[in-house]
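Everything on this sheet refers to the single structure shown next.
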Amino acid sequence: MAYSEKVMEHFTNPRNMGEIDNPSGVGTVGNAQCGDIMRVYFDIDNAGIIRDVKFKTFGCAAAVATSSMATELVKGKTVQEALTVTNKAVCEALDGLPPIKVHCSLLAEEAIHAALWDYAEKNNIVIEGLKKPKSDIHEDEDEEDY
Ligand code: FES
């Protein structure tokens, strides 16, 4: 198994690691396969543009690299445009991930969606195409269906 140079570079020097006080939206998700956790914070302005984004993770190198790249890709976008940043797009931007690590990249996408969902709920808006996150670990246990 080998990581691409881009993955190594983002893992060694991750962008947007940290947290945001009073975030516009925050989402925390867990990876059912490995138990790792990812949290994403957004600062979103009144026009719905993502001004800042930070992440924290207890995840592996692939999770760190994909979150670093995913947060770079959503920054400056509208909340609607942020949905186009799929884990496929993130993996491509990183020149690919070893197949057994692809599940790790889902953590970044899911945490971004969970944070967008939180923002939408707080502001009573609908982000078209955004689904309620299944694995947001803030959710009621009963609502989770693995
Ligand atoms: Fe858990 Fe990669 S092994 S996120």
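Letters A, B, ... mark the chains of the structure tokens in the order given; residue numbers begin at 1 per chain; ligand numbers begin at 1, in order shown.
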
Wanna dump the chain A-ligand 1 contacts at 12 Å for me, each residue with its shortest atom pair and the distance in Å to one decimal, counting only C-alpha atoms and all ligand atoms, ordered by chain and number, as CSV?
residue,atom,partner,partner_atom_place_in_ligand_line,distance
A:Val29,CA,ligand 1,4 (S),10.8
A:Gly30,CA,ligand 1,4 (S),8.7
A:Asn31,CA,ligand 1,1 (Fe),6.4
A:Ala32,CA,ligand 1,1 (Fe),8.7
A:Gln33,CA,ligand 1,1 (Fe),7.1
A:Cys34,CA,ligand 1,1 (Fe),4.6
A:Gly35,CA,ligand 1,1 (Fe),6.3
A:Asp36,CA,ligand 1,1 (Fe),4.7
A:Ile37,CA,ligand 1,4 (S),7.4
A:Met38,CA,ligand 1,4 (S),8.4
A:Thr57,CA,ligand 1,4 (S),8.6
A:Phe58,CA,ligand 1,4 (S),7.6
A:Gly59,CA,ligand 1,4 (S),4.3
A:Cys60,CA,ligand 1,2 (Fe),4.3
A:Ala61,CA,ligand 1,2 (Fe),6.7
A:Ala62,CA,ligand 1,2 (Fe),5.6
A:Ala63,CA,ligand 1,4 (S),4.8
A:Val64,CA,ligand 1,4 (S),8.0
A:Ala65,CA,ligand 1,2 (Fe),10.0
A:Thr66,CA,ligand 1,4 (S),9.7
A:Ser67,CA,ligand 1,4 (S),10.2
A:Leu97,CA,ligand 1,2 (Fe),10.9
A:Pro98,CA,ligand 1,2 (Fe),10.9
A:Pro99,CA,ligand 1,2 (Fe),11.3
A:Ile100,CA,ligand 1,3 (S),8.8
A:Lys101,CA,ligand 1,2 (Fe),6.0
A:Val102,CA,ligand 1,2 (Fe),8.0
A:His103,CA,ligand 1,2 (Fe),6.9
A:Cys104,CA,ligand 1,4 (S),3.9
A:Ser105,CA,ligand 1,4 (S),7.2
A:Leu106,CA,ligand 1,4 (S),8.4
A:Leu107,CA,ligand 1,4 (S),6.8
A:Ala108,CA,ligand 1,4 (S),9.2
A:Glu109,CA,ligand 1,4 (S),11.9
A:Glu110,CA,ligand 1,4 (S),11.9

Could you please take those selected residues and save N, CA, C and O atoms as a short mmCIF file (atom, residue, chain, number, x, y, z; two decimals), in the first residue's frame?
data_model
loop_
_atom_site.label_atom_id
_atom_site.label_comp_id
_atom_site.auth_asym_id
_atom_site.auth_seq_id
_atom_site.Cartn_x
_atom_site.Cartn_y
_atom_site.Cartn_z
N VAL A 29 -18.97 12.93 13.15
CA VAL A 29 -19.38 11.61 12.65
C VAL A 29 -18.34 10.57 13.04
O VAL A 29 -17.18 10.89 13.28
N GLY A 30 -18.80 9.35 13.09
CA GLY A 30 -17.91 8.23 13.39
C GLY A 30 -17.86 7.30 12.19
O GLY A 30 -18.82 7.19 11.44
N ASN A 31 -16.73 6.64 12.03
CA ASN A 31 -16.59 5.67 10.95
C ASN A 31 -16.93 4.29 11.50
O ASN A 31 -16.29 3.80 12.43
N ALA A 32 -17.97 3.69 10.94
CA ALA A 32 -18.46 2.42 11.46
C ALA A 32 -17.42 1.31 11.31
O ALA A 32 -17.40 0.36 12.07
N GLN A 33 -16.52 1.46 10.32
CA GLN A 33 -15.56 0.38 10.08
C GLN A 33 -14.39 0.38 11.04
O GLN A 33 -13.89 -0.67 11.41
N CYS A 34 -13.92 1.57 11.42
CA CYS A 34 -12.72 1.59 12.26
C CYS A 34 -12.96 2.28 13.59
O CYS A 34 -12.11 2.23 14.47
N GLY A 35 -14.11 2.95 13.75
CA GLY A 35 -14.41 3.61 15.02
C GLY A 35 -13.80 4.99 15.15
O GLY A 35 -13.94 5.63 16.19
N ASP A 36 -13.11 5.46 14.12
CA ASP A 36 -12.50 6.78 14.18
C ASP A 36 -13.56 7.88 14.09
O ASP A 36 -14.65 7.66 13.59
N ILE A 37 -13.18 9.06 14.57
CA ILE A 37 -14.15 10.17 14.69
C ILE A 37 -13.63 11.42 13.98
O ILE A 37 -12.42 11.68 13.98
N MET A 38 -14.56 12.16 13.39
CA MET A 38 -14.22 13.40 12.68
C MET A 38 -15.21 14.49 13.06
O MET A 38 -16.41 14.23 13.11
N THR A 57 -9.81 15.48 14.14
CA THR A 57 -10.06 14.06 13.90
C THR A 57 -9.25 13.17 14.81
O THR A 57 -8.17 13.52 15.26
N PHE A 58 -9.84 12.02 15.12
CA PHE A 58 -9.10 10.90 15.67
C PHE A 58 -9.09 9.87 14.55
O PHE A 58 -9.75 8.85 14.62
N GLY A 59 -8.45 10.19 13.47
CA GLY A 59 -8.48 9.30 12.32
C GLY A 59 -7.07 9.04 11.84
O GLY A 59 -6.10 9.63 12.32
N CYS A 60 -6.96 8.21 10.84
CA CYS A 60 -5.67 7.80 10.32
C CYS A 60 -5.12 8.85 9.33
O CYS A 60 -5.76 9.87 9.08
N ALA A 61 -3.99 8.54 8.75
CA ALA A 61 -3.35 9.46 7.80
C ALA A 61 -4.28 9.80 6.65
O ALA A 61 -4.36 10.96 6.22
N ALA A 62 -5.01 8.81 6.15
CA ALA A 62 -5.91 9.06 5.02
C ALA A 62 -7.06 9.98 5.44
O ALA A 62 -7.49 10.84 4.66
N ALA A 63 -7.53 9.82 6.67
CA ALA A 63 -8.62 10.67 7.16
C ALA A 63 -8.13 12.12 7.30
O ALA A 63 -8.83 13.07 6.95
N VAL A 64 -6.92 12.28 7.80
CA VAL A 64 -6.34 13.62 7.96
C VAL A 64 -6.15 14.27 6.59
O VAL A 64 -6.56 15.42 6.36
N ALA A 65 -5.58 13.53 5.66
CA ALA A 65 -5.30 14.09 4.33
C ALA A 65 -6.59 14.45 3.59
O ALA A 65 -6.68 15.51 2.97
N THR A 66 -7.60 13.57 3.67
CA THR A 66 -8.84 13.87 2.95
C THR A 66 -9.56 15.04 3.59
O THR A 66 -10.17 15.85 2.89
N SER A 67 -9.50 15.16 4.91
CA SER A 67 -10.16 16.29 5.56
C SER A 67 -9.46 17.59 5.23
O SER A 67 -10.10 18.63 5.02
N LEU A 97 -6.48 7.15 -3.41
CA LEU A 97 -6.17 6.54 -2.12
C LEU A 97 -6.10 5.03 -2.32
O LEU A 97 -6.79 4.50 -3.18
N PRO A 98 -5.30 4.35 -1.52
CA PRO A 98 -5.32 2.88 -1.61
C PRO A 98 -6.75 2.39 -1.34
O PRO A 98 -7.41 2.94 -0.44
N PRO A 99 -7.22 1.39 -2.08
CA PRO A 99 -8.63 0.96 -1.95
C PRO A 99 -9.08 0.71 -0.52
O PRO A 99 -10.19 1.07 -0.15
N ILE A 100 -8.24 0.13 0.32
CA ILE A 100 -8.69 -0.18 1.67
C ILE A 100 -8.82 1.07 2.53
O ILE A 100 -9.33 1.03 3.64
N LYS A 101 -8.35 2.22 2.02
CA LYS A 101 -8.46 3.46 2.79
C LYS A 101 -9.58 4.37 2.30
O LYS A 101 -9.78 5.45 2.84
N VAL A 102 -10.32 3.92 1.31
CA VAL A 102 -11.36 4.80 0.77
C VAL A 102 -12.45 5.08 1.80
O VAL A 102 -13.00 6.18 1.87
N HIS A 103 -12.72 4.10 2.67
CA HIS A 103 -13.75 4.35 3.70
C HIS A 103 -13.36 5.52 4.60
O HIS A 103 -14.22 6.21 5.13
N CYS A 104 -12.07 5.75 4.76
CA CYS A 104 -11.59 6.85 5.61
C CYS A 104 -11.99 8.20 5.02
O CYS A 104 -12.29 9.14 5.75
N SER A 105 -11.98 8.26 3.68
CA SER A 105 -12.28 9.53 3.02
C SER A 105 -13.75 9.90 3.20
O SER A 105 -14.11 11.07 3.14
N LEU A 106 -14.58 8.89 3.44
CA LEU A 106 -16.01 9.17 3.64
C LEU A 106 -16.25 10.00 4.89
O LEU A 106 -17.22 10.74 4.98
N LEU A 107 -15.34 9.85 5.85
CA LEU A 107 -15.48 10.57 7.11
C LEU A 107 -15.51 12.08 6.87
O LEU A 107 -16.31 12.80 7.48
N ALA A 108 -14.66 12.57 5.98
CA ALA A 108 -14.61 14.01 5.70
C ALA A 108 -15.92 14.47 5.07
O ALA A 108 -16.51 15.47 5.50
N GLU A 109 -16.39 13.74 4.07
CA GLU A 109 -17.62 14.12 3.40
C GLU A 109 -18.80 14.08 4.37
O GLU A 109 -19.63 15.00 4.41
N GLU A 110 -18.86 13.04 5.17
CA GLU A 110 -19.99 12.91 6.10
C GLU A 110 -19.98 14.00 7.17
O GLU A 110 -21.02 14.52 7.55
#

What's around Thr71 in chain A at 12 Å? Count only C-alpha atoms, leave out sequence neighbours fewer than 5 positions away in its own chain, and write the answer as a ChimeraX atom specification. /A:10,14-18,39-43,50-56,63-66,76-77,82-83,85-87,90,108-109,111-113,115

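Shortest atom-to-atom contact with Asn123 in chain A among A:Gln80, A:Asp95, A:Lys75, A:Ile44: A:Ile44, counting only C-alpha atoms.
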
Name the residues of range 54-143 of chain A that fall into strand (DSSP E or B) according to DSSP on the backbone, using the chain letters and numbers of this document, as an NGL selection string. :A and (54-58 or 78 or 136)

Per DSSP on the backbone, filter chain A down to the residues in helix (DSSP H, G or I) and report them as a PDB file with N, CA and C atoms, in the first residue's frame.
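The resulting out.pdb:
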ATOM      1  N   GLU A   5       1.990  11.246  -3.212  1.00  0.00           N
ATOM      2  CA  GLU A   5       2.746  12.361  -2.626  1.00  0.00           C
ATOM      3  C   GLU A   5       1.827  13.411  -2.029  1.00  0.00           C
ATOM      4  N   LYS A   6       0.696  13.640  -2.703  1.00  0.00           N
ATOM      5  CA  LYS A   6      -0.239  14.656  -2.215  1.00  0.00           C
ATOM      6  C   LYS A   6      -0.848  14.254  -0.885  1.00  0.00           C
ATOM      7  N   VAL A   7      -1.164  12.969  -0.762  1.00  0.00           N
ATOM      8  CA  VAL A   7      -1.712  12.487   0.518  1.00  0.00           C
ATOM      9  C   VAL A   7      -0.671  12.702   1.617  1.00  0.00           C
ATOM     10  N   MET A   8       0.561  12.326   1.339  1.00  0.00           N
ATOM     11  CA  MET A   8       1.627  12.478   2.333  1.00  0.00           C
ATOM     12  C   MET A   8       1.819  13.939   2.706  1.00  0.00           C
ATOM     13  N   GLU A   9       1.735  14.804   1.692  1.00  0.00           N
ATOM     14  CA  GLU A   9       1.960  16.228   1.939  1.00  0.00           C
ATOM     15  C   GLU A   9       0.833  16.803   2.821  1.00  0.00           C
ATOM     16  N   HIS A  10      -0.414  16.425   2.526  1.00  0.00           N
ATOM     17  CA  HIS A  10      -1.533  16.940   3.334  1.00  0.00           C
ATOM     18  C   HIS A  10      -1.549  16.327   4.727  1.00  0.00           C
ATOM     19  N   PHE A  11      -1.050  15.079   4.831  1.00  0.00           N
ATOM     20  CA  PHE A  11      -0.994  14.462   6.154  1.00  0.00           C
ATOM     21  C   PHE A  11       0.094  15.123   7.002  1.00  0.00           C
ATOM     22  N   THR A  12       1.229  15.416   6.384  1.00  0.00           N
ATOM     23  CA  THR A  12       2.341  16.006   7.120  1.00  0.00           C
ATOM     24  C   THR A  12       2.079  17.461   7.468  1.00  0.00           C
ATOM     25  N   ALA A  61      -3.987   8.543   8.752  1.00  0.00           N
ATOM     26  CA  ALA A  61      -3.348   9.456   7.803  1.00  0.00           C
ATOM     27  C   ALA A  61      -4.277   9.800   6.646  1.00  0.00           C
ATOM     28  N   ALA A  62      -5.012   8.812   6.150  1.00  0.00           N
ATOM     29  CA  ALA A  62      -5.911   9.059   5.016  1.00  0.00           C
ATOM     30  C   ALA A  62      -7.060   9.982   5.435  1.00  0.00           C
ATOM     31  N   ALA A  63      -7.534   9.817   6.668  1.00  0.00           N
ATOM     32  CA  ALA A  63      -8.616  10.673   7.156  1.00  0.00           C
ATOM     33  C   ALA A  63      -8.127  12.116   7.300  1.00  0.00           C
ATOM     34  N   VAL A  64      -6.916  12.279   7.802  1.00  0.00           N
ATOM     35  CA  VAL A  64      -6.344  13.620   7.959  1.00  0.00           C
ATOM     36  C   VAL A  64      -6.154  14.270   6.591  1.00  0.00           C
ATOM     37  N   ALA A  65      -5.582  13.534   5.656  1.00  0.00           N
ATOM     38  CA  ALA A  65      -5.296  14.092   4.328  1.00  0.00           C
ATOM     39  C   ALA A  65      -6.587  14.446   3.589  1.00  0.00           C
ATOM     40  N   THR A  66      -7.596  13.573   3.674  1.00  0.00           N
ATOM     41  CA  THR A  66      -8.837  13.866   2.946  1.00  0.00           C
ATOM     42  C   THR A  66      -9.563  15.039   3.586  1.00  0.00           C
ATOM     43  N   SER A  67      -9.496  15.164   4.907  1.00  0.00           N
ATOM     44  CA  SER A  67     -10.157  16.293   5.564  1.00  0.00           C
ATOM     45  C   SER A  67      -9.462  17.593   5.226  1.00  0.00           C
ATOM     46  N   SER A  68      -8.133  17.529   5.179  1.00  0.00           N
ATOM     47  CA  SER A  68      -7.354  18.704   4.813  1.00  0.00           C
ATOM     48  C   SER A  68      -7.747  19.164   3.407  1.00  0.00           C
ATOM     49  N   MET A  69      -7.790  18.230   2.472  1.00  0.00           N
ATOM     50  CA  MET A  69      -8.142  18.576   1.096  1.00  0.00           C
ATOM     51  C   MET A  69      -9.612  18.990   0.989  1.00  0.00           C
ATOM     52  N   ALA A  70     -10.507  18.260   1.643  1.00  0.00           N
ATOM     53  CA  ALA A  70     -11.941  18.566   1.546  1.00  0.00           C
ATOM     54  C   ALA A  70     -12.238  19.957   2.111  1.00  0.00           C
ATOM     55  N   THR A  71     -11.607  20.312   3.221  1.00  0.00           N
ATOM     56  CA  THR A  71     -11.869  21.626   3.808  1.00  0.00           C
ATOM     57  C   THR A  71     -11.308  22.731   2.900  1.00  0.00           C
ATOM     58  N   GLU A  72     -10.162  22.455   2.259  1.00  0.00           N
ATOM     59  CA  GLU A  72      -9.641  23.429   1.298  1.00  0.00           C
ATOM     60  C   GLU A  72     -10.622  23.642   0.151  1.00  0.00           C
ATOM     61  N   LEU A  73     -11.228  22.539  -0.307  1.00  0.00           N
ATOM     62  CA  LEU A  73     -12.113  22.620  -1.468  1.00  0.00           C
ATOM     63  C   LEU A  73     -13.446  23.312  -1.150  1.00  0.00           C
ATOM     64  N   VAL A  74     -13.932  23.220   0.083  1.00  0.00           N
ATOM     65  CA  VAL A  74     -15.230  23.847   0.382  1.00  0.00           C
ATOM     66  C   VAL A  74     -15.079  25.317   0.796  1.00  0.00           C
ATOM     67  N   VAL A  79     -22.924  27.195   0.600  1.00  0.00           N
ATOM     68  CA  VAL A  79     -23.288  25.920   1.218  1.00  0.00           C
ATOM     69  C   VAL A  79     -23.816  24.949   0.158  1.00  0.00           C
ATOM     70  N   GLN A  80     -24.487  25.495  -0.843  1.00  0.00           N
ATOM     71  CA  GLN A  80     -25.004  24.638  -1.914  1.00  0.00           C
ATOM     72  C   GLN A  80     -23.862  24.034  -2.735  1.00  0.00           C
ATOM     73  N   GLU A  81     -22.895  24.884  -3.085  1.00  0.00           N
ATOM     74  CA  GLU A  81     -21.749  24.402  -3.872  1.00  0.00           C
ATOM     75  C   GLU A  81     -20.910  23.373  -3.104  1.00  0.00           C
ATOM     76  N   ALA A  82     -20.933  23.514  -1.764  1.00  0.00           N
ATOM     77  CA  ALA A  82     -20.116  22.607  -0.945  1.00  0.00           C
ATOM     78  C   ALA A  82     -20.534  21.157  -1.141  1.00  0.00           C
ATOM     79  N   ASN A  87     -16.593  12.769  -1.802  1.00  0.00           N
ATOM     80  CA  ASN A  87     -15.341  12.107  -1.438  1.00  0.00           C
ATOM     81  C   ASN A  87     -14.586  11.645  -2.685  1.00  0.00           C
ATOM     82  N   LYS A  88     -15.331  11.400  -3.761  1.00  0.00           N
ATOM     83  CA  LYS A  88     -14.680  11.039  -5.027  1.00  0.00           C
ATOM     84  C   LYS A  88     -13.823  12.208  -5.519  1.00  0.00           C
ATOM     85  N   ALA A  89     -14.411  13.415  -5.459  1.00  0.00           N
ATOM     86  CA  ALA A  89     -13.670  14.602  -5.891  1.00  0.00           C
ATOM     87  C   ALA A  89     -12.435  14.811  -5.019  1.00  0.00           C
ATOM     88  N   VAL A  90     -12.592  14.563  -3.732  1.00  0.00           N
ATOM     89  CA  VAL A  90     -11.468  14.750  -2.809  1.00  0.00           C
ATOM     90  C   VAL A  90     -10.369  13.724  -3.093  1.00  0.00           C
ATOM     91  N   CYS A  91     -10.773  12.483  -3.299  1.00  0.00           N
ATOM     92  CA  CYS A  91      -9.782  11.427  -3.589  1.00  0.00           C
ATOM     93  C   CYS A  91      -9.037  11.736  -4.889  1.00  0.00           C
ATOM     94  N   GLU A  92      -9.779  12.239  -5.878  1.00  0.00           N
ATOM     95  CA  GLU A  92      -9.131  12.574  -7.145  1.00  0.00           C
ATOM     96  C   GLU A  92      -8.138  13.715  -6.954  1.00  0.00           C
ATOM     97  N   ALA A  93      -8.533  14.697  -6.151  1.00  0.00           N
ATOM     98  CA  ALA A  93      -7.640  15.834  -5.905  1.00  0.00           C
ATOM     99  C   ALA A  93      -6.367  15.396  -5.191  1.00  0.00           C
ATOM    100  N   PRO A  99      -7.225   1.387  -2.079  1.00  0.00           N
ATOM    101  CA  PRO A  99      -8.632   0.963  -1.955  1.00  0.00           C
ATOM    102  C   PRO A  99      -9.078   0.709  -0.522  1.00  0.00           C
ATOM    103  N   ILE A 100      -8.235   0.131   0.317  1.00  0.00           N
ATOM    104  CA  ILE A 100      -8.692  -0.184   1.675  1.00  0.00           C
ATOM    105  C   ILE A 100      -8.817   1.074   2.530  1.00  0.00           C
ATOM    106  N   LYS A 101      -8.353   2.220   2.023  1.00  0.00           N
ATOM    107  CA  LYS A 101      -8.458   3.459   2.790  1.00  0.00           C
ATOM    108  C   LYS A 101      -9.583   4.368   2.305  1.00  0.00           C
ATOM    109  N   VAL A 102     -10.319   3.923   1.310  1.00  0.00           N
ATOM    110  CA  VAL A 102     -11.361   4.798   0.766  1.00  0.00           C
ATOM    111  C   VAL A 102     -12.450   5.079   1.801  1.00  0.00           C
ATOM    112  N   HIS A 103     -12.723   4.104   2.667  1.00  0.00           N
ATOM    113  CA  HIS A 103     -13.751   4.351   3.698  1.00  0.00           C
ATOM    114  C   HIS A 103     -13.361   5.518   4.600  1.00  0.00           C
ATOM    115  N   CYS A 104     -12.066   5.747   4.763  1.00  0.00           N
ATOM    116  CA  CYS A 104     -11.588   6.850   5.610  1.00  0.00           C
ATOM    117  C   CYS A 104     -11.991   8.203   5.016  1.00  0.00           C
ATOM    118  N   SER A 105     -11.978   8.263   3.681  1.00  0.00           N
ATOM    119  CA  SER A 105     -12.278   9.534   3.025  1.00  0.00           C
ATOM    120  C   SER A 105     -13.746   9.897   3.198  1.00  0.00           C
ATOM    121  N   LEU A 106     -14.584   8.892   3.444  1.00  0.00           N
ATOM    122  CA  LEU A 106     -16.008   9.171   3.636  1.00  0.00           C
ATOM    123  C   LEU A 106     -16.249   9.997   4.891  1.00  0.00           C
ATOM    124  N   LEU A 107     -15.341   9.848   5.846  1.00  0.00           N
ATOM    125  CA  LEU A 107     -15.481  10.571   7.112  1.00  0.00           C
ATOM    126  C   LEU A 107     -15.512  12.080   6.870  1.00  0.00           C
ATOM    127  N   ALA A 108     -14.659  12.570   5.983  1.00  0.00           N
ATOM    128  CA  ALA A 108     -14.608  14.007   5.705  1.00  0.00           C
ATOM    129  C   ALA A 108     -15.921  14.474   5.072  1.00  0.00           C
ATOM    130  N   GLU A 109     -16.386  13.738   4.066  1.00  0.00           N
ATOM    131  CA  GLU A 109     -17.621  14.121   3.395  1.00  0.00           C
ATOM    132  C   GLU A 109     -18.799  14.081   4.367  1.00  0.00           C
ATOM    133  N   GLU A 110     -18.863  13.040   5.171  1.00  0.00           N
ATOM    134  CA  GLU A 110     -19.994  12.907   6.101  1.00  0.00           C
ATOM    135  C   GLU A 110     -19.976  14.000   7.169  1.00  0.00           C
ATOM    136  N   ALA A 111     -18.790  14.344   7.650  1.00  0.00           N
ATOM    137  CA  ALA A 111     -18.711  15.383   8.678  1.00  0.00           C
ATOM    138  C   ALA A 111     -19.088  16.740   8.087  1.00  0.00           C
ATOM    139  N   ILE A 112     -18.674  16.992   6.844  1.00  0.00           N
ATOM    140  CA  ILE A 112     -19.058  18.240   6.175  1.00  0.00           C
ATOM    141  C   ILE A 112     -20.581  18.289   6.021  1.00  0.00           C
ATOM    142  N   HIS A 113     -21.174  17.191   5.609  1.00  0.00           N
ATOM    143  CA  HIS A 113     -22.631  17.164   5.444  1.00  0.00           C
ATOM    144  C   HIS A 113     -23.340  17.336   6.782  1.00  0.00           C
ATOM    145  N   ALA A 114     -22.803  16.713   7.821  1.00  0.00           N
ATOM    146  CA  ALA A 114     -23.429  16.834   9.142  1.00  0.00           C
ATOM    147  C   ALA A 114     -23.360  18.285   9.630  1.00  0.00           C
ATOM    148  N   ALA A 115     -22.234  18.956   9.365  1.00  0.00           N
ATOM    149  CA  ALA A 115     -22.088  20.354   9.792  1.00  0.00           C
ATOM    150  C   ALA A 115     -22.997  21.272   8.969  1.00  0.00           C
ATOM    151  N   LEU A 116     -23.166  20.946   7.692  1.00  0.00           N
ATOM    152  CA  LEU A 116     -24.083  21.732   6.855  1.00  0.00           C
ATOM    153  C   LEU A 116     -25.527  21.528   7.323  1.00  0.00           C
ATOM    154  N   TRP A 117     -25.815  20.303   7.701  1.00  0.00           N
ATOM    155  CA  TRP A 117     -27.165  19.998   8.197  1.00  0.00           C
ATOM    156  C   TRP A 117     -27.446  20.803   9.474  1.00  0.00           C
ATOM    157  N   ASP A 118     -26.456  20.837  10.339  1.00  0.00           N
ATOM    158  CA  ASP A 118     -26.580  21.588  11.592  1.00  0.00           C
ATOM    159  C   ASP A 118     -26.824  23.074  11.296  1.00  0.00           C
ATOM    160  N   TYR A 119     -26.065  23.601  10.359  1.00  0.00           N
ATOM    161  CA  TYR A 119     -26.234  25.015   9.944  1.00  0.00           C
ATOM    162  C   TYR A 119     -27.641  25.247   9.390  1.00  0.00           C
ATOM    163  N   ALA A 120     -28.106  24.342   8.528  1.00  0.00           N
ATOM    164  CA  ALA A 120     -29.426  24.495   7.911  1.00  0.00           C
ATOM    165  C   ALA A 120     -30.527  24.449   8.970  1.00  0.00           C
ATOM    166  N   GLU A 121     -30.367  23.544   9.925  1.00  0.00           N
ATOM    167  CA  GLU A 121     -31.377  23.426  10.980  1.00  0.00           C
ATOM    168  C   GLU A 121     -31.415  24.682  11.839  1.00  0.00           C
ATOM    169  N   LYS A 122     -30.225  25.181  12.198  1.00  0.00           N
ATOM    170  CA  LYS A 122     -30.152  26.379  13.042  1.00  0.00           C
ATOM    171  C   LYS A 122     -30.779  27.580  12.351  1.00  0.00           C
ATOM    172  N   ASN A 123     -30.677  27.618  11.018  1.00  0.00           N
ATOM    173  CA  ASN A 123     -31.146  28.791  10.282  1.00  0.00           C
ATOM    174  C   ASN A 123     -32.463  28.557   9.550  1.00  0.00           C
ATOM    175  N   GLU A 141     -29.539   7.774  19.572  1.00  0.00           N
ATOM    176  CA  GLU A 141     -29.176   6.405  19.213  1.00  0.00           C
ATOM    177  C   GLU A 141     -30.257   5.721  18.380  1.00  0.00           C
ATOM    178  N   ASP A 142     -31.517   5.966  18.765  1.00  0.00           N
ATOM    179  CA  ASP A 142     -32.638   5.283  18.118  1.00  0.00           C
ATOM    180  C   ASP A 142     -32.712   5.587  16.626  1.00  0.00           C
ATOM    181  N   GLU A 143     -32.207   6.766  16.268  1.00  0.00           N
ATOM    182  CA  GLU A 143     -32.362   7.181  14.872  1.00  0.00           C
ATOM    183  C   GLU A 143     -31.277   6.608  13.978  1.00  0.00           C
TER     184      GLU A 143
END

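With only C-alpha atoms as the atoms that count, the minimum distance from Lys134 in chain A to the choices A:Thr28, A:Asn13, A:Asn22, A:Thr78 is reached by A:Thr28.
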